[in-house]
$ cat structure.txt   # compact mmCIF, C-alpha atoms
# COMPACT_ATOMS: atom_id res chain seq x y z
CA MET A 1 13.48 24.32 39.42
CA THR A 2 9.96 24.94 40.73
CA ILE A 3 8.74 23.66 44.08
CA LEU A 4 6.37 21.31 42.22
CA GLN A 5 9.26 19.78 40.25
CA LEU A 6 11.27 19.32 43.45
CA LEU A 7 8.32 17.60 45.16
CA LEU A 8 7.78 15.34 42.14
CA HIS A 9 11.45 14.41 42.15
CA LEU A 10 11.32 13.52 45.86
CA ILE A 11 8.24 11.35 45.33
CA PHE A 12 9.20 9.94 41.93
CA PRO A 13 12.99 10.40 41.62
CA GLU A 14 13.83 10.88 37.96
CA HIS A 15 15.78 13.27 35.81
CA CYS A 16 16.44 14.11 32.18
CA PRO A 17 19.26 11.83 30.96
CA SER A 18 20.77 14.70 28.98
CA CYS A 19 20.71 17.90 31.07
CA GLY A 20 19.89 16.39 34.47
CA ALA A 21 16.71 18.41 35.06
CA LEU A 22 14.92 16.91 38.06
CA GLY A 23 11.34 15.71 38.23
CA VAL A 24 11.05 14.84 34.52
CA GLN A 25 11.95 11.80 32.42
CA PHE A 26 13.15 13.99 29.56
CA CYS A 27 13.25 17.51 28.14
CA SER A 28 11.80 17.95 24.67
CA GLU A 29 14.59 20.31 23.66
CA CYS A 30 17.21 17.81 24.84
CA ILE A 31 15.68 15.09 22.64
CA LYS A 32 15.67 17.45 19.65
CA LYS A 33 19.33 18.28 20.21
CA ALA A 34 20.24 14.62 20.74
CA ALA A 35 18.83 13.70 17.33
CA ALA A 36 19.51 16.53 14.93
CA ALA A 37 21.41 14.78 12.14
CA PRO A 38 19.65 11.58 10.97
CA LEU A 39 21.49 8.92 8.99
CA VAL A 40 20.37 6.78 6.05
CA PHE A 41 22.10 3.53 5.12
CA CYS A 42 21.53 0.12 3.53
CA SER A 43 19.56 -2.32 5.67
CA GLU A 44 21.56 -5.23 4.27
CA CYS A 45 25.21 -4.15 4.41
CA GLY A 46 25.10 -0.97 6.48
CA GLY A 47 26.79 1.03 3.74
CA ALA A 48 25.54 4.05 1.85
CA PHE A 49 22.08 3.35 0.46
CA SER A 50 21.25 3.79 -3.21
CA GLY A 51 19.18 2.15 -5.88
CA ASN A 52 22.22 0.09 -6.88
CA CYS A 53 22.94 -1.17 -3.38
CA CYS A 54 22.45 -4.75 -2.15
CA TYR A 55 19.81 -6.80 -3.95
CA GLY A 56 16.43 -6.51 -2.25
CA SER A 57 17.65 -3.87 0.17
CA ALA A 58 15.62 -1.18 1.88
CA PRO A 59 16.77 2.07 3.47
CA SER A 60 17.44 2.20 7.19
CA TYR A 61 17.01 5.53 8.95
CA ALA A 62 18.61 6.25 12.33
CA ALA A 63 17.89 9.42 14.28
CA SER A 64 21.43 9.63 15.64
CA ILE A 65 24.75 7.91 16.22
CA HIS A 66 24.67 5.83 19.42
CA GLU A 67 26.62 8.24 21.58
CA GLY A 68 26.17 11.14 23.97
CA ALA A 69 22.64 12.16 24.87
CA ALA A 70 21.04 9.94 22.20
CA ARG A 71 22.63 6.91 23.85
CA GLU A 72 21.63 8.05 27.34
CA PHE A 73 17.99 8.40 26.31
CA ILE A 74 17.78 4.86 24.97
CA LEU A 75 19.53 3.45 28.06
CA ALA A 76 17.08 5.25 30.33
CA LEU A 77 14.17 3.90 28.29
CA LYS A 78 15.46 0.32 28.27
CA TYR A 79 17.01 -0.09 31.70
CA ARG A 80 15.75 2.65 34.03
CA ASN A 81 11.98 2.18 33.70
CA GLN A 82 11.25 5.52 32.03
CA PRO A 83 8.62 4.54 29.44
CA LEU A 84 7.51 8.10 28.66
CA ILE A 85 10.79 8.53 26.80
CA GLY A 86 9.65 5.92 24.27
CA ALA A 87 6.85 8.04 22.84
CA ALA A 88 9.09 11.12 22.83
CA LEU A 89 11.76 9.32 20.81
CA GLY A 90 9.13 8.02 18.39
CA HIS A 91 7.71 11.48 17.87
CA ARG A 92 11.20 12.82 17.16
CA MET A 93 11.82 10.02 14.65
CA SER A 94 8.56 10.87 12.87
CA GLU A 95 9.76 14.48 12.55
CA LEU A 96 13.17 13.53 11.15
CA PHE A 97 12.50 10.67 8.74
CA PRO A 98 11.12 11.07 5.22
CA VAL A 99 7.60 10.07 4.26
CA VAL A 100 7.45 6.34 3.53
CA GLU A 101 4.24 4.70 2.34
CA ALA A 102 3.27 1.56 4.26
CA ASP A 103 0.28 -0.47 5.39
CA TYR A 104 1.71 -1.34 8.80
CA ILE A 105 4.49 -0.22 11.08
CA ILE A 106 5.89 -3.17 13.03
CA PRO A 107 8.14 -2.97 16.08
CA LEU A 108 10.63 -5.75 16.61
CA PRO A 109 9.29 -7.85 19.49
CA LEU A 110 10.84 -8.37 22.90
CA HIS A 111 12.82 -11.55 23.29
CA LYS A 112 10.86 -14.30 24.97
CA ARG A 113 13.22 -14.31 27.96
CA SER A 114 13.20 -10.57 28.48
CA ARG A 115 12.43 -9.33 31.98
CA ARG A 116 11.40 -5.85 30.88
CA ALA A 117 7.97 -4.53 31.80
CA TYR A 118 7.44 -3.11 28.32
CA ASN A 119 8.76 -3.29 24.80
CA GLN A 120 10.69 -0.06 24.27
CA THR A 121 10.59 -0.46 20.50
CA ALA A 122 6.80 -0.80 20.53
CA LEU A 123 6.50 2.47 22.45
CA MET A 124 8.45 4.23 19.71
CA ALA A 125 6.53 2.49 16.91
CA HIS A 126 3.13 3.45 18.33
CA ALA A 127 4.26 7.08 18.59
CA ILE A 128 5.46 7.08 14.97
CA ALA A 129 2.20 5.46 13.87
CA GLU A 130 0.22 8.12 15.71
CA LYS A 131 2.07 10.94 13.95
CA ARG A 132 2.18 9.30 10.50
CA GLY A 133 -1.30 7.75 10.45
CA PHE A 134 -0.05 4.15 10.22
CA GLU A 135 -1.53 1.08 11.83
CA CYS A 136 0.94 -0.33 14.36
CA ARG A 137 0.88 -4.12 14.59
CA GLU A 138 2.74 -5.94 17.38
CA ASP A 139 1.16 -9.31 16.62
CA LEU A 140 2.63 -10.12 13.22
CA LEU A 141 6.28 -10.74 14.10
CA SER A 142 7.68 -12.84 16.95
CA TRP A 143 10.93 -14.38 18.16
CA ARG A 144 11.14 -18.14 17.96
CA ILE A 145 11.36 -19.97 21.31
CA GLN A 146 15.04 -20.86 21.01
CA SER A 147 16.12 -17.27 20.39
CA GLU A 148 17.70 -15.19 23.16
CA GLY A 149 18.36 -11.48 23.58
CA GLN A 150 21.14 -9.74 21.70
CA THR A 151 22.22 -7.51 24.60
CA GLY A 152 25.61 -8.53 25.89
CA ARG A 153 26.58 -10.47 22.78
CA ARG A 154 29.76 -9.58 20.96
CA ALA A 155 29.64 -8.31 17.39
CA ARG A 156 30.60 -11.70 15.92
CA GLU A 157 27.79 -13.40 17.83
CA ARG A 158 25.31 -10.76 16.68
CA LYS A 159 26.27 -11.22 13.05
CA ALA A 160 25.76 -14.96 13.44
CA LEU A 161 22.07 -14.48 14.30
CA SER A 162 20.07 -17.05 12.35
CA TYR A 163 17.73 -15.91 9.59
CA SER A 164 15.17 -18.24 11.17
CA ALA A 165 15.22 -16.20 14.42
CA PHE A 166 11.83 -14.64 13.68
CA ALA A 167 8.43 -16.01 12.78
CA ALA A 168 6.11 -13.84 10.67
CA ASP A 169 2.35 -14.11 10.37
CA LYS A 170 0.83 -14.96 6.98
CA ALA A 171 -1.35 -11.86 7.37
CA LEU A 172 1.70 -9.92 6.17
CA ALA A 173 1.28 -11.28 2.64
CA GLY A 174 0.93 -8.44 0.17
CA LYS A 175 1.50 -5.74 2.79
CA LYS A 176 4.04 -2.95 2.69
CA ILE A 177 5.62 -2.44 6.09
CA ILE A 178 8.11 -0.39 8.10
CA LEU A 179 10.16 -2.20 10.74
CA VAL A 180 11.14 -0.34 13.91
CA ASP A 181 14.04 -1.13 16.24
CA ASP A 182 15.86 0.85 18.90
CA VAL A 183 19.58 0.39 18.13
CA TYR A 184 21.42 -0.84 15.04
CA THR A 185 24.70 -2.60 15.85
CA THR A 186 25.62 -5.14 13.17
CA GLY A 187 22.18 -5.09 11.54
CA ALA A 188 21.69 -8.82 12.10
CA THR A 189 18.42 -8.42 14.00
CA ALA A 190 16.89 -6.09 11.42
CA ARG A 191 18.01 -8.37 8.57
CA ALA A 192 16.52 -11.44 10.22
CA ALA A 193 13.23 -9.64 10.84
CA LYS A 194 13.19 -8.36 7.26
CA PHE A 195 13.86 -11.86 5.94
CA ALA A 196 10.98 -13.34 7.95
CA ALA A 197 8.56 -10.62 6.85
CA GLU A 198 9.50 -11.00 3.19
CA ARG A 199 9.24 -14.77 3.41
CA ALA A 200 5.66 -14.25 4.62
CA GLY A 201 4.98 -12.13 1.53
CA ALA A 202 5.51 -8.60 2.85
CA GLU A 203 7.51 -5.80 1.29
CA VAL A 204 9.79 -4.00 3.76
CA ALA A 205 9.78 -0.35 2.70
CA ALA A 206 12.17 0.90 5.40
CA VAL A 207 13.68 0.28 8.80
CA PHE A 208 13.33 3.05 11.41
CA LEU A 209 15.84 3.19 14.28
CA TRP A 210 16.67 5.53 17.12
CA THR A 211 20.46 5.14 16.95
CA ARG A 212 23.19 3.45 14.99
CA ARG A 213 26.06 2.10 17.05
CA ILE A 214 29.59 2.36 15.70
CA THR A 215 31.15 -0.83 17.04
CA LEU A 216 34.81 -0.44 16.16
CA PRO A 217 37.27 -0.15 17.81
CA GLU A 218 35.12 -0.62 20.93
CA ASP A 219 34.54 -3.97 22.62
CA PRO A 220 30.75 -4.55 22.84
CA GLY A 221 31.26 -6.74 25.91
CA ALA A 222 32.52 -3.71 27.80
CA TRP A 223 29.44 -1.53 27.29
CA PRO A 224 27.49 -0.77 30.49
CA GLU A 225 24.23 -2.12 29.05
CA SER A 226 25.95 -5.46 28.44
CA GLU A 227 25.51 -6.12 32.14
CA GLU A 228 21.76 -6.29 31.58
CA GLN A 229 20.04 -9.26 29.96

$ encode --input "structure.txt" --output "C-alpha cells"
Amino acid sequence: MTILQLLLHLIFPEHCPSCGALGVQFCSECIKKAAAAPLVFCSECGGAFSGNCCYGSAPSYAASIHEGAAREFILALKYRNQPLIGAALGHRMSELFPVVEADYIIPLPLHKRSRRAYNQTALMAHAIAEKRGFECREDLLSWRIQSEGQTGRRARERKALSYSAFAADKALAGKKIILVDDVYTTGATARAAKFAAERAGAEVAAVFLWTRRITLPEDPGAWPESEEQ
C-alpha cells in the first residue's frame, strides 16, 4: 500500500470487498474475477432459456451466482454507501453480456419507502448505457404506493408479488427495452416489471442482472442483508 492510499483510508475508510485493499471501494481485477462466468436463463420460469421456453419470455443475463466476491460487491453497493461500485459493476456487465438491440435501458426503481441515498440499479444501468450507447430512462417505470421493498421477505412472499406492483408510462408504447436489476431471487420483481412494461406497449428484449441467487436450501430470512429494509 502506498502512503497516499493509507492516508485516503484514514480520511475515508473503505476497502475492496473482495481482496481487502485499503483506500479504494473496489479493485477492477477483483470485479473481473467475481464475474467471469455469466448465466442466461428464462425471465419467466428461471429455467434454461430457448426459443421454445415460456410464452412471451425474454432472456435474463446474470453476471454471476450470488455468492463469494460477487455477493460482497452488491452488498457493499447497497448497504455500505459505496456508489462507485455501481458503475464498475455496470461496466463489467456490458463486457459480459451479448449485444441486445433496444431503444431504452430501464433500471428497476427504488421502492417508495427506501432509505437509500441512491438507486444502486440505476447506477449500473447508466454505466451499461454509457458503454452500449443506449438511452437510460429512470422515469418510465415506478413502484405503486402500496408496494414495499423485497429485502427481508421470504421466497414465498417474493413469489406472491402482485403483477400490479409497477406502473409503466405510456411513452413505452412501441419501444424495445432492457430491464436492469441487481439480484434475481425468485424472479417475481423482474416479472412484475416486465408485465407492466408490456402492458404499456413495450417489448422487453432482455433482463440484465448482476447476480442470481440460489435460494435453496437456504432460508432467505437468515441472510445478513435481510436485516436492512

$ closest_atom_pairs --input "structure.txt" --of "stretch 58-155 of chain A" --to "stretch 34-42 of chain A" --cutoff "12 Å" --atoms "all atoms listed in the file" --output "Markdown table"
| residue | atom | partner | partner_atom | distance |
| --- | --- | --- | --- | --- |
| A:Ala58 | CA | A:Cys42 | CA | 6.3 |
| A:Pro59 | CA | A:Cys42 | CA | 5.1 |
| A:Ser60 | CA | A:Phe41 | CA | 5.3 |
| A:Tyr61 | CA | A:Val40 | CA | 4.6 |
| A:Ala62 | CA | A:Leu39 | CA | 5.2 |
| A:Ala63 | CA | A:Pro38 | CA | 4.3 |
| A:Ser64 | CA | A:Ala35 | CA | 5.1 |
| A:Ile65 | CA | A:Leu39 | CA | 8.0 |
| A:His66 | CA | A:Ala34 | CA | 9.9 |
| A:Glu67 | CA | A:Ala34 | CA | 9.1 |
| A:Gly68 | CA | A:Ala34 | CA | 7.6 |
| A:Ala69 | CA | A:Ala34 | CA | 5.4 |
| A:Ala70 | CA | A:Ala34 | CA | 5.0 |
| A:Arg71 | CA | A:Ala34 | CA | 8.7 |
| A:Glu72 | CA | A:Ala34 | CA | 9.4 |
| A:Phe73 | CA | A:Ala34 | CA | 8.6 |
| A:Ile74 | CA | A:Ala34 | CA | 10.9 |
| A:Ala88 | CA | A:Ala35 | CA | 11.5 |
| A:Leu89 | CA | A:Ala35 | CA | 9.0 |
| A:Gly90 | CA | A:Ala35 | CA | 11.3 |
| A:His91 | CA | A:Ala35 | CA | 11.4 |
| A:Arg92 | CA | A:Ala35 | CA | 7.7 |
| A:Met93 | CA | A:Ala35 | CA | 8.4 |
| A:Ser94 | CA | A:Pro38 | CA | 11.3 |
| A:Glu95 | CA | A:Ala36 | CA | 10.2 |
| A:Leu96 | CA | A:Pro38 | CA | 6.8 |
| A:Phe97 | CA | A:Pro38 | CA | 7.5 |
| A:Pro98 | CA | A:Val40 | CA | 10.2 |

$ closest_residue --input "structure.txt" --among "A:Trp210, A:Phe49, A:Phe195, A:Tyr55" --to "A:Leu75" --atoms "only C-alpha atoms"
A:Trp210

$ closest_residue --input "structure.txt" --among "A:Asp139, A:Glu198, A:Asp181, A:Glu14" --to "A:Leu108" --atoms "only C-alpha atoms"
A:Asp181

$ residues_near_point --input "structure.txt" --point "(14.4, 0.7, 14.4)" --cutoff "7 Å" --atoms "only C-alpha atoms" --output "MDAnalysis selection string"
chainID A and resid 179:183 207:210

$ closest_residue --input "structure.txt" --among "A:Ala193, A:Ala102, A:Ala171, A:Leu141" --to "A:Ala205" --atoms "all atoms listed in the file"
A:Ala102

$ atom_distance --input "structure.txt" --atom1 "atom CA of A:Ile105" --atom2 "atom CA of A:Ile128"
8.3 Å

$ closest_residue --input "structure.txt" --among "A:Ala117, A:Ile106, A:Ala192, A:Val99" --to "A:Leu77" --atoms "all atoms listed in the file"
A:Ala117

$ closest_residue --input "structure.txt" --among "A:Ala202, A:Pro83, A:His15, A:Cys53" --to "A:Ala122" --atoms "all atoms listed in the file"
A:Pro83

$ atom_distance --input "structure.txt" --atom1 "atom CA of A:Ile214" --atom2 "atom CA of A:Phe26"
24.4 Å
